[in-house]
>>> print(open('structure08.txt').read())   # compact mmCIF, C-alpha atoms
# COMPACT_ATOMS: atom_id res chain seq x y z
CA MET G 1 114.37 114.40 121.29
CA LYS G 2 116.68 116.57 119.21
CA ALA G 3 118.01 115.34 115.88
CA LEU G 4 120.18 116.76 113.14
CA LEU G 5 120.96 116.14 109.50
CA ALA G 6 124.57 116.80 108.51
CA LEU G 7 125.79 116.95 104.92
CA GLU G 8 129.34 116.15 103.89
CA ASP G 9 130.00 119.80 102.95
CA GLY G 10 129.40 120.79 106.59
CA THR G 11 125.83 122.05 106.21
CA ILE G 12 123.70 121.29 109.28
CA PHE G 13 119.91 121.10 109.60
CA ASP G 14 118.54 120.91 113.15
CA GLY G 15 115.18 119.40 114.07
CA THR G 16 113.36 116.99 116.34
CA ALA G 17 113.34 113.22 116.04
CA PHE G 18 110.50 110.87 115.20
CA GLY G 19 110.49 107.22 114.27
CA ALA G 20 113.57 105.45 115.66
CA SER G 21 116.52 107.03 117.43
CA GLY G 22 120.15 106.42 116.52
CA THR G 23 122.58 107.31 113.73
CA ILE G 24 122.51 106.40 110.04
CA THR G 25 124.36 107.56 106.93
CA GLY G 26 123.43 107.54 103.26
CA GLU G 27 122.99 109.74 100.23
CA SER G 28 120.71 112.72 100.84
CA CYS G 29 118.05 113.22 98.16
CA PHE G 30 114.68 114.93 97.82
CA ASN G 31 111.29 113.98 96.39
CA THR G 32 108.81 116.62 95.16
CA SER G 33 105.66 114.45 95.28
CA MET G 34 102.73 115.94 97.20
CA THR G 35 101.35 112.54 98.26
CA GLY G 36 102.47 108.92 98.32
CA TYR G 37 104.99 108.94 101.15
CA GLN G 38 104.20 105.31 102.06
CA GLU G 39 104.94 104.10 98.53
CA ILE G 40 108.12 106.20 98.46
CA ILE G 41 109.38 104.86 101.78
CA THR G 42 108.78 101.24 100.70
CA ASP G 43 110.27 101.65 97.20
CA PRO G 44 113.44 99.48 97.06
CA SER G 45 115.00 101.98 94.63
CA TYR G 46 115.63 104.22 97.68
CA ARG G 47 117.94 101.70 99.36
CA GLY G 48 120.94 103.50 100.82
CA GLN G 49 119.30 106.95 100.76
CA ILE G 50 118.00 109.53 103.24
CA VAL G 51 114.85 110.91 101.63
CA ALA G 52 113.55 114.45 102.17
CA MET G 53 109.99 115.36 101.16
CA THR G 54 109.51 118.91 99.88
CA ALA G 55 105.76 118.82 100.64
CA PRO G 56 105.38 120.77 103.92
CA MET G 57 103.27 118.31 105.95
CA ILE G 58 103.69 114.54 106.00
CA GLY G 59 101.79 111.80 107.82
CA ASN G 60 98.27 113.23 107.77
CA TYR G 61 96.69 110.12 106.22
CA GLY G 62 98.80 107.60 108.15
CA ILE G 63 99.96 104.18 107.00
CA ASN G 64 97.69 101.42 105.69
CA ASP G 65 98.03 97.73 104.86
CA GLU G 66 97.62 97.97 101.09
CA ASP G 67 99.99 100.63 99.74
CA ASP G 68 103.41 99.13 100.51
CA GLU G 69 105.56 98.66 97.42
CA SER G 70 107.69 96.02 99.16
CA LEU G 71 107.63 94.03 102.37
CA ASN G 72 109.35 96.69 104.52
CA PRO G 73 110.42 100.33 104.50
CA GLN G 74 113.58 100.64 102.39
CA ILE G 75 114.96 104.12 103.05
CA ARG G 76 117.82 104.80 105.49
CA GLY G 77 116.20 107.89 106.99
CA PHE G 78 113.32 110.33 106.48
CA VAL G 79 113.46 114.14 106.49
CA ILE G 80 110.34 116.33 106.63
CA GLU G 81 109.25 119.82 107.56
CA GLU G 82 106.24 118.98 109.74
CA LEU G 83 104.87 115.70 111.04
CA SER G 84 101.09 115.69 111.23
CA GLN G 85 99.93 115.10 114.80
CA VAL G 86 96.59 113.78 113.55
CA VAL G 87 96.07 110.70 111.38
CA SER G 88 92.77 111.09 109.55
CA ASN G 89 91.87 108.52 106.90
CA TRP G 90 89.50 105.58 106.92
CA ARG G 91 92.22 103.29 105.53
CA ALA G 92 94.88 104.22 108.12
CA ARG G 93 96.08 101.51 110.48
CA GLU G 94 99.10 103.23 112.03
CA SER G 95 100.95 106.54 112.26
CA ILE G 96 104.13 107.05 110.28
CA ASP G 97 105.95 107.75 113.57
CA SER G 98 105.19 104.36 115.12
CA TRP G 99 105.66 102.58 111.76
CA LEU G 100 109.20 103.90 111.23
CA ALA G 101 110.07 103.27 114.89
CA ARG G 102 108.96 99.65 114.52
CA TYR G 103 111.36 99.17 111.60
CA GLY G 104 114.25 101.05 113.21
CA ILE G 105 114.28 103.94 110.74
CA PRO G 106 115.04 107.42 112.13
CA GLY G 107 113.22 110.54 111.00
CA ILE G 108 113.74 114.23 111.56
CA GLN G 109 111.09 116.97 111.39
CA GLY G 110 111.41 120.73 111.63
CA VAL G 111 113.73 120.89 108.62
CA ASP G 112 113.21 123.45 105.86
CA THR G 113 113.16 120.72 103.21
CA ARG G 114 112.74 123.17 100.33
CA LYS G 115 115.91 124.93 101.44
CA LEU G 116 117.58 121.51 101.58
CA ALA G 117 116.32 120.69 98.08
CA LYS G 118 117.63 124.01 96.72
CA HIS G 119 121.00 123.33 98.31
CA LEU G 120 121.23 119.84 96.78
CA ARG G 121 120.17 121.20 93.39
CA THR G 122 122.94 123.79 93.60
CA VAL G 123 125.78 121.71 95.07
CA GLY G 124 124.68 118.24 93.97
CA ALA G 125 123.73 115.04 95.79
CA MET G 126 125.81 114.47 98.90
CA ARG G 127 126.45 111.89 101.56
CA ALA G 128 124.73 112.70 104.83
CA CYS G 129 124.27 111.63 108.44
CA LEU G 130 120.97 111.69 110.32
CA THR G 131 121.51 111.32 114.06
CA THR G 132 120.02 111.71 117.52
CA ASP G 133 123.33 110.81 119.20
CA LEU G 134 126.24 112.66 117.58
CA SER G 135 127.39 116.25 117.75
CA ALA G 136 127.34 118.34 114.58
CA THR G 137 131.09 117.89 114.11
CA GLU G 138 130.86 114.13 114.59
CA ALA G 139 127.88 113.89 112.23
CA VAL G 140 129.71 115.75 109.43
CA GLU G 141 132.65 113.40 109.86
CA ALA G 142 130.31 110.39 109.70
CA ALA G 143 128.79 111.74 106.48
CA ARG G 144 132.25 112.17 104.95
CA ASN G 145 133.14 108.58 105.83
CA ALA G 146 129.96 107.10 104.34
CA PRO G 147 130.21 105.04 101.11
CA PHE G 148 129.57 106.82 97.82
CA MET G 149 126.45 105.98 95.81
CA LYS G 150 128.58 105.80 92.68
CA GLY G 151 129.93 102.28 92.44
CA SER G 152 127.39 100.86 94.91
CA ASP G 153 125.51 97.60 94.40
CA PHE G 154 122.36 97.55 96.52
CA VAL G 155 120.49 95.14 94.23
CA GLN G 156 121.73 92.14 96.18
CA GLU G 157 120.15 93.63 99.33
CA VAL G 158 116.66 94.14 97.89
CA SER G 159 116.18 91.36 95.33
CA THR G 160 114.03 88.40 96.33
CA PRO G 161 116.04 85.57 97.95
CA PHE G 162 113.90 82.99 96.16
CA ASN G 163 112.06 82.82 92.85
CA TYR G 164 108.28 82.87 93.02
CA HIS G 165 105.07 83.02 91.02
CA TRP G 166 103.16 86.32 91.45
CA ASP G 167 99.66 85.42 92.61
CA ASP G 168 98.81 88.25 95.01
CA GLU G 169 95.73 90.45 94.62
CA SER G 170 96.05 92.35 91.35
CA ARG G 171 92.56 93.62 90.63
CA PRO G 172 92.09 97.42 90.43
CA TRP G 173 91.21 99.12 93.71
CA LEU G 174 87.81 100.75 94.11
CA LEU G 175 87.41 103.62 96.56
CA PRO G 176 84.08 104.77 98.02
CA ASN G 177 82.33 107.68 96.31
CA LYS G 178 79.01 109.48 96.51
CA THR G 179 77.04 106.60 95.02
CA THR G 180 78.69 103.59 96.66
CA ARG G 181 80.33 102.63 99.92
CA ILE G 182 82.10 99.64 98.40
CA SER G 183 85.87 99.56 98.81
CA GLY G 184 88.57 97.09 97.92
CA PRO G 185 89.55 95.08 94.83
CA TYR G 186 86.86 94.79 92.21
CA GLY G 187 86.19 93.33 88.77
CA GLU G 188 87.68 90.33 87.05
CA LEU G 189 91.21 90.09 85.81
CA PRO G 190 91.68 89.33 82.11
CA PRO G 191 92.58 85.75 81.18
CA ILE G 192 96.27 84.95 81.09
CA ARG G 193 97.58 85.25 77.55
CA PHE G 194 101.34 85.20 78.00
CA ARG G 195 103.96 84.17 80.55
CA VAL G 196 106.76 86.58 81.45
CA VAL G 197 109.78 86.33 83.70
CA ALA G 198 110.48 89.44 85.77
CA TYR G 199 114.03 90.07 86.98
CA ASP G 200 113.76 91.44 90.52
CA PHE G 201 116.38 94.15 91.05
CA GLY G 202 114.11 95.78 93.65
CA ILE G 203 110.73 95.38 91.95
CA LYS G 204 107.69 97.37 93.07
CA ARG G 205 104.45 95.52 93.72
CA ASN G 206 102.41 97.80 91.51
CA ILE G 207 104.51 96.79 88.51
CA LEU G 208 103.55 93.18 89.14
CA ARG G 209 99.90 94.17 89.51
CA GLN G 210 99.99 96.11 86.24
CA LEU G 211 101.56 93.20 84.37
CA ARG G 212 98.86 90.82 85.66
CA GLN G 213 96.11 93.31 84.80
CA LYS G 214 97.29 93.29 81.19
CA GLY G 215 97.02 89.50 80.87
CA PHE G 216 100.52 88.38 81.86
CA ASP G 217 101.29 85.48 84.15
CA VAL G 218 104.41 86.63 86.02
CA PHE G 219 107.24 84.55 87.47
CA VAL G 220 109.74 86.60 89.50
CA VAL G 221 113.42 85.63 89.64
CA ASN G 222 116.26 87.06 91.70
CA TYR G 223 119.19 89.06 90.39
CA LYS G 224 121.57 86.06 90.23
CA THR G 225 119.45 84.10 87.75
CA LYS G 226 121.40 83.07 84.65
CA ALA G 227 120.23 83.70 81.08
CA GLU G 228 120.11 79.98 80.28
CA ASP G 229 117.87 79.37 83.30
CA ILE G 230 115.43 82.03 82.12
CA LEU G 231 115.37 80.58 78.61
CA GLY G 232 114.79 77.14 80.17
CA MET G 233 111.55 78.47 81.64
CA HIS G 234 110.29 79.15 78.07
CA PRO G 235 108.68 82.52 78.84
CA ASP G 236 107.02 84.70 76.22
CA GLY G 237 108.79 87.83 77.43
CA LEU G 238 111.24 89.31 79.92
CA PHE G 239 110.76 92.27 82.26
CA LEU G 240 113.67 94.17 83.85
CA SER G 241 112.64 95.91 87.07
CA ASN G 242 113.54 99.08 88.87
CA GLY G 243 116.09 99.02 91.68
CA PRO G 244 118.71 100.97 93.67
CA GLY G 245 122.35 101.89 93.27
CA ASP G 246 124.76 102.42 90.39
CA PRO G 247 123.83 100.55 87.19
CA ALA G 248 127.47 100.61 86.07
CA ALA G 249 128.38 98.42 89.07
CA LEU G 250 126.18 95.55 87.83
CA GLY G 251 128.39 94.09 85.11
CA TYR G 252 127.45 90.54 86.09
CA ILE G 253 123.79 91.41 85.34
CA HIS G 254 124.60 93.24 82.09
CA LYS G 255 126.23 90.03 80.86
CA GLU G 256 123.14 87.88 81.46
CA VAL G 257 120.75 90.40 79.88
CA SER G 258 123.00 90.77 76.81
CA GLN G 259 122.68 87.02 76.25
CA LEU G 260 118.89 87.37 76.13
CA LEU G 261 118.79 90.10 73.48
CA GLY G 262 116.99 88.89 70.38
CA LYS G 263 115.74 85.76 72.14
CA LEU G 264 112.84 87.33 74.05
CA PRO G 265 110.79 90.54 73.92
CA ILE G 266 112.21 92.75 76.69
CA PHE G 267 110.73 95.70 78.60
CA GLY G 268 112.74 97.61 81.23
CA ILE G 269 111.81 100.28 83.76
CA CYS G 270 114.21 102.62 85.62
CA LEU G 271 117.24 100.54 86.69
CA GLY G 272 116.04 97.93 84.19
CA HIS G 273 116.26 100.62 81.50
CA GLN G 274 119.82 101.45 82.54
CA ILE G 275 120.86 97.78 82.69
CA LEU G 276 119.41 97.28 79.21
CA ALA G 277 121.45 100.25 77.95
CA HIS G 278 124.63 98.63 79.29
CA ALA G 279 123.67 95.27 77.78
CA LEU G 280 123.28 97.01 74.41
CA GLY G 281 126.76 98.53 74.69
CA GLY G 282 125.93 101.90 76.25
CA ARG G 283 127.03 103.65 79.42
CA THR G 284 125.42 105.52 82.33
CA PHE G 285 126.48 108.50 84.43
CA LYS G 286 125.50 109.99 87.78
CA LEU G 287 123.12 112.95 87.68
CA LYS G 288 123.91 116.03 89.72
CA PHE G 289 120.87 115.63 91.98
CA GLY G 290 118.60 113.03 90.36
CA HIS G 291 114.94 113.05 89.36
CA ARG G 292 112.49 112.15 92.11
CA GLY G 293 108.83 113.16 92.12
CA GLY G 294 105.51 112.87 90.32
CA ASN G 295 105.70 115.91 88.03
CA HIS G 296 108.48 115.33 85.48
CA PRO G 297 107.61 116.14 81.83
CA VAL G 298 108.75 113.54 79.30
CA LYS G 299 108.34 113.81 75.52
CA ASP G 300 107.61 110.77 73.37
CA LEU G 301 109.70 111.55 70.29
CA ARG G 302 107.60 109.35 68.00
CA SER G 303 104.17 110.77 68.80
CA GLY G 304 105.23 114.22 70.01
CA LYS G 305 103.07 113.78 73.13
CA VAL G 306 104.30 115.02 76.49
CA TYR G 307 103.58 112.94 79.59
CA ILE G 308 103.78 114.01 83.22
CA THR G 309 105.64 111.15 84.86
CA SER G 310 106.65 109.64 88.18
CA GLN G 311 110.43 109.32 88.58
CA ASN G 312 113.03 108.07 91.03
CA HIS G 313 116.58 107.78 89.77
CA GLY G 314 120.03 109.26 90.31
CA PHE G 315 121.74 107.94 87.18
CA ALA G 316 120.99 108.35 83.47
CA VAL G 317 121.98 106.82 80.13
CA ASP G 318 124.72 108.57 78.14
CA PRO G 319 123.12 109.21 74.73
CA ASP G 320 126.49 109.39 72.95
CA SER G 321 127.38 105.88 74.11
CA LEU G 322 124.46 104.13 72.40
CA PRO G 323 125.07 102.07 69.25
CA SER G 324 123.47 103.15 65.98
CA GLU G 325 120.83 100.42 66.09
CA VAL G 326 119.35 101.89 69.30
CA GLU G 327 117.15 104.98 69.12
CA ILE G 328 116.24 107.38 71.90
CA SER G 329 112.45 107.22 72.20
CA HIS G 330 111.79 109.66 75.07
CA LEU G 331 113.47 112.79 76.46
CA ASN G 332 113.18 114.59 79.78
CA LEU G 333 112.03 118.14 79.00
CA ASN G 334 113.65 119.58 82.12
CA ASP G 335 117.23 118.62 81.30
CA GLN G 336 117.07 116.71 77.99
CA THR G 337 118.30 113.45 79.54
CA VAL G 338 117.36 110.09 78.02
CA GLU G 339 114.00 108.78 79.24
CA GLY G 340 113.45 105.89 76.84
CA LEU G 341 115.18 103.53 74.41
CA ARG G 342 114.05 101.32 71.57
CA HIS G 343 116.04 98.87 69.47
CA LEU G 344 115.48 99.35 65.74
CA SER G 345 115.34 95.64 64.87
CA LEU G 346 115.01 93.64 68.11
CA PRO G 347 111.81 93.51 70.26
CA VAL G 348 113.39 95.55 73.03
CA PHE G 349 112.39 98.84 74.68
CA SER G 350 112.69 100.60 78.03
CA VAL G 351 111.83 103.78 79.92
CA GLN G 352 113.59 105.63 82.72
CA TYR G 353 110.39 106.75 84.46
CA HIS G 354 107.70 104.77 86.30
CA PRO G 355 104.54 104.04 84.26
CA GLU G 356 103.09 102.03 87.16
CA ALA G 357 102.95 105.36 89.04
CA ALA G 358 102.89 104.40 92.70
CA PRO G 359 102.77 107.22 93.61
CA GLY G 360 102.29 109.55 90.68
CA PRO G 361 100.27 110.28 87.54
CA HIS G 362 98.94 107.41 85.43
CA GLU G 363 99.45 108.97 81.99
CA ALA G 364 102.13 106.49 80.91
CA SER G 365 100.46 103.25 82.01
CA SER G 366 99.81 102.37 78.35
CA LEU G 367 103.44 101.19 78.15
CA PHE G 368 102.29 97.92 79.70
CA ASP G 369 99.83 97.58 76.80
CA GLU G 370 102.72 98.27 74.43
CA PHE G 371 104.71 95.45 76.01
CA PHE G 372 101.71 93.15 75.59
CA ARG G 373 101.40 94.05 71.90
CA LEU G 374 105.12 93.49 71.40
CA VAL G 375 104.94 90.01 72.93
CA GLU G 376 101.82 89.29 70.85
CA GLN G 377 103.55 90.35 67.63
CA VAL G 378 106.58 88.16 68.34
CA GLN G 379 104.32 85.21 69.11
CA CYS G 380 102.32 85.68 65.90
CA HIS G 381 105.50 85.97 63.83
CA SER G 382 107.03 82.82 65.36
CA GLN G 383 103.87 80.80 64.60
CA ARG G 384 103.91 81.61 60.88
>>> encode(input="structure08.txt", output="structure tokens")
Amino acid sequence: MKALLALEDGTIFDGTAFGASGTITGESCFNTSMTGYQEIITDPSYRGQIVAMTAPMIGNYGINDEDDESLNPQIRGFVIEELSQVVSNWRARESIDSWLARYGIPGIQGVDTRKLAKHLRTVGAMRACLTTDLSATEAVEAARNAPFMKGSDFVQEVSTPFNYHWDDESRPWLLPNKTTRISGPYGELPPIRFRVVAYDFGIKRNILRQLRQKGFDVFVVNYKTKAEDILGMHPDGLFLSNGPGDPAALGYIHKEVSQLLGKLPIFGICLGHQILAHALGGRTFKLKFGHRGGNHPVKDLRSGKVYITSQNHGFAVDPDSLPSEVEISHLNLNDQTVEGLRHLSLPVFSVQYHPEAAPGPHEASSLFDEFFRLVEQVQCHSQR
């Protein structure tokens, strides 16, 4: 079946369909990761977007039962150059074709996704239409009538409908090697030292696993939870999760987080970082084409170290909007945008990138240890 991807500027990419048939619209974006398509597709931060992978072949290791970052695929549509006709991995349970079809998500293959990425880098992120039904003219019109990402609030679509205690499998995963055929979770988790509440704005499962692996007991609350309700739970810390959409459209969340400043140690990732910036009095702006991939260099301004990071965001914090008591802790070395914040007197910090790295490099995972130490320091100080 033929399919096409139409951008709002009239650019057309022809291809063949896989997954589901039909017509969808959303913001077109690209991801430069070489692996990890299952984690990308199930990342709630991609809500409302049509994702193109610049890696030339996708689907060769299939879909398994363990690597989902949320309950279901979250993207609007999927754009690739070549769909692997063979699924070859001992963990695979299904092909990406049948998986996307089951969830009603259309895909298109045969697209020069690197050409698409270059176009989006030049012109900027655009609304798009992926269709198996419409003509090119109709698809361009559909793209032009699609909602803008700026001003969108997708958090209410992806946040948990009910609060819950995280008690799923969190032990590290062992893969077979030359000396063992054992696979699956292994080892013992550390004893619980502290209790944290995690705001779910579209939280990824590997963040919850990482928090538990560091000795946190995690209670997840939805985006509508009030500050007084969180304080009534008497947690030792607060985590602000990743998520989709425009952080500037979430004023009702900024208000609640601002009321928690100075009352709890706070750690934010991605959208949580941007929400924290707003709660501190800052602003955010839309990037030309966003940062999405597993190869973005970020400099820690305190240590001077450079980390290769996993990223997925289309907005960034305006450095000139931050109050004097907030310092920029990390910078993106590609475009000098803000990648981290730290309050000079309150136990509050955040990063724009993804230290849980699913998918991506694991160089920045020590930030979860830093959060643990921060909570520990606040606890020790309060007991004196």
>>> residues_near_point(input="structure08.txt", point="(113.1, 89.9, 98.4)", cutoff="9 Å", atoms="only C-alpha atoms", output="PDB file with C-alpha atoms, in the frame of the given file")
ATOM      1  CA  SER G  70     107.690  96.020  99.160  1.00  0.00           C
ATOM      2  CA  LEU G  71     107.630  94.030 102.370  1.00  0.00           C
ATOM      3  CA  GLU G 157     120.150  93.630  99.330  1.00  0.00           C
ATOM      4  CA  VAL G 158     116.660  94.140  97.890  1.00  0.00           C
ATOM      5  CA  SER G 159     116.180  91.360  95.330  1.00  0.00           C
ATOM      6  CA  THR G 160     114.030  88.400  96.330  1.00  0.00           C
ATOM      7  CA  PRO G 161     116.040  85.570  97.950  1.00  0.00           C
ATOM      8  CA  PHE G 162     113.900  82.990  96.160  1.00  0.00           C
ATOM      9  CA  ASP G 200     113.760  91.440  90.520  1.00  0.00           C
ATOM     10  CA  GLY G 202     114.110  95.780  93.650  1.00  0.00           C
ATOM     11  CA  ILE G 203     110.730  95.380  91.950  1.00  0.00           C
ATOM     12  CA  ASN G 222     116.260  87.060  91.700  1.00  0.00           C
TER      13      ASN G 222
END
>>> atom_distance(input="structure08.txt", atom1="CA of Ser324 (chain G)", atom2="CA of Leu240 (chain G)")
22.3 Å
>>> atom_distance(input="structure08.txt", atom1="CA of Lys204 (chain G)", atom2="CA of Ile269 (chain G)")
10.6 Å
>>> residues_around(input="structure08.txt", residues="region 246-260 of chain G", least_positions_apart="3", cutoff="7 Å", atoms="all atoms listed in the file", output="PDB file with C-alpha atoms, in the coordinates of the input")
ATOM      1  CA  MET G 149     126.450 105.980  95.810  1.00  0.00           C
ATOM      2  CA  LYS G 150     128.580 105.800  92.680  1.00  0.00           C
ATOM      3  CA  GLY G 151     129.930 102.280  92.440  1.00  0.00           C
ATOM      4  CA  SER G 152     127.390 100.860  94.910  1.00  0.00           C
ATOM      5  CA  ASP G 153     125.510  97.600  94.400  1.00  0.00           C
ATOM      6  CA  LYS G 226     121.400  83.070  84.650  1.00  0.00           C
ATOM      7  CA  ALA G 227     120.230  83.700  81.080  1.00  0.00           C
ATOM      8  CA  LYS G 263     115.740  85.760  72.140  1.00  0.00           C
ATOM      9  CA  LEU G 264     112.840  87.330  74.050  1.00  0.00           C
ATOM     10  CA  LEU G 271     117.240 100.540  86.690  1.00  0.00           C
ATOM     11  CA  GLN G 274     119.820 101.450  82.540  1.00  0.00           C
ATOM     12  CA  ILE G 275     120.860  97.780  82.690  1.00  0.00           C
ATOM     13  CA  HIS G 278     124.630  98.630  79.290  1.00  0.00           C
ATOM     14  CA  ALA G 279     123.670  95.270  77.780  1.00  0.00           C
ATOM     15  CA  LEU G 280     123.280  97.010  74.410  1.00  0.00           C
ATOM     16  CA  THR G 284     125.420 105.520  82.330  1.00  0.00           C
TER      17      THR G 284
END
>>> closest_atom_pairs(input="structure08.txt", of="region 85-197 of chain G", to="region 47-64 of chain G", cutoff="6 Å", atoms="all atoms listed in the file", output="JSON lines")
{"residue": "G:Val87", "atom": "CA", "partner": "G:Asn60", "partner_atom": "CA", "distance": 4.9}
{"residue": "G:Ser88", "atom": "CA", "partner": "G:Tyr61", "partner_atom": "CA", "distance": 5.2}
{"residue": "G:Asn89", "atom": "CA", "partner": "G:Tyr61", "partner_atom": "CA", "distance": 5.1}
{"residue": "G:Arg91", "atom": "CA", "partner": "G:Asn64", "partner_atom": "CA", "distance": 5.8}
{"residue": "G:Ala92", "atom": "CA", "partner": "G:Asn64", "partner_atom": "CA", "distance": 4.7}
{"residue": "G:Arg93", "atom": "CA", "partner": "G:Asn64", "partner_atom": "CA", "distance": 5.1}
{"residue": "G:Glu94", "atom": "CA", "partner": "G:Ile63", "partner_atom": "CA", "distance": 5.2}
{"residue": "G:Ser95", "atom": "CA", "partner": "G:Gly62", "partner_atom": "CA", "distance": 4.8}
{"residue": "G:Ile96", "atom": "CA", "partner": "G:Gly62", "partner_atom": "CA", "distance": 5.8}
{"residue": "G:Thr113", "atom": "CA", "partner": "G:Thr54", "partner_atom": "CA", "distance": 5.3}
{"residue": "G:Arg114", "atom": "CA", "partner": "G:Thr54", "partner_atom": "CA", "distance": 5.4}
>>> closest_residue(input="structure08.txt", among="G:Ser365, G:Gln210, G:Gln156, G:Asn31", to="Gly314 (chain G)", atoms="only C-alpha atoms")
G:Asn31
>>> axis_aligned_box(input="structure08.txt", around="region 358-372 of chain G", padding_each_side="4 Å", output="lines of an AutoDock Vina configuration file")
center_x = 101.8
center_y = 101.7
center_z = 84.0
size_x = 13.8
size_y = 25.1
size_z = 27.2
>>> atom_distance(input="structure08.txt", atom1="CA of Ala125 (chain G)", atom2="CA of Tyr46 (chain G)")
13.6 Å
>>> closest_residue(input="structure08.txt", among="G:Val86, G:Ile40, G:Ile230, G:Leu367", to="Gln74 (chain G)", atoms="all atoms listed in the file")
G:Ile40
>>> closest_residue(input="structure08.txt", among="G:Pro244, G:Gly294, G:Gly282, G:Pro355", to="Val326 (chain G)", atoms="all atoms listed in the file")
G:Gly282
>>> residues_around(input="structure08.txt", residues="Thr122 (chain G)", least_positions_apart="4", cutoff="10 Å", atoms="only C-alpha atoms", output="JSON, numbers by chain")
{"G": [116, 117, 118, 288, 289]}
>>> residues_around(input="structure08.txt", residues="region 5-21 of chain G", least_positions_apart="4", cutoff="9 Å", atoms="only C-alpha atoms", output="ChimeraX atom specification")
/G:1,28,78-79,81,83,96-112,116,126-133,136-137,139-145
>>> residues_around(input="structure08.txt", residues="Asp217 (chain G)", least_positions_apart="3", cutoff="8 Å", atoms="all atoms listed in the file", output="list of chain:residue names")
G:Trp166, G:Ile192, G:Arg193, G:Phe194, G:Arg195, G:Val196, G:Leu211, G:Arg212
>>> closest_residue(input="structure08.txt", among="G:Lys214, G:His354, G:Arg292, G:Lys299", to="Phe315 (chain G)", atoms="all atoms listed in the file")
G:Arg292
>>> residues_around(input="structure08.txt", residues="Gly262 (chain G)", least_positions_apart="3", cutoff="8 Å", atoms="only C-alpha atoms", output="JSON, numbers by chain")
{"G": [265, 346, 347]}
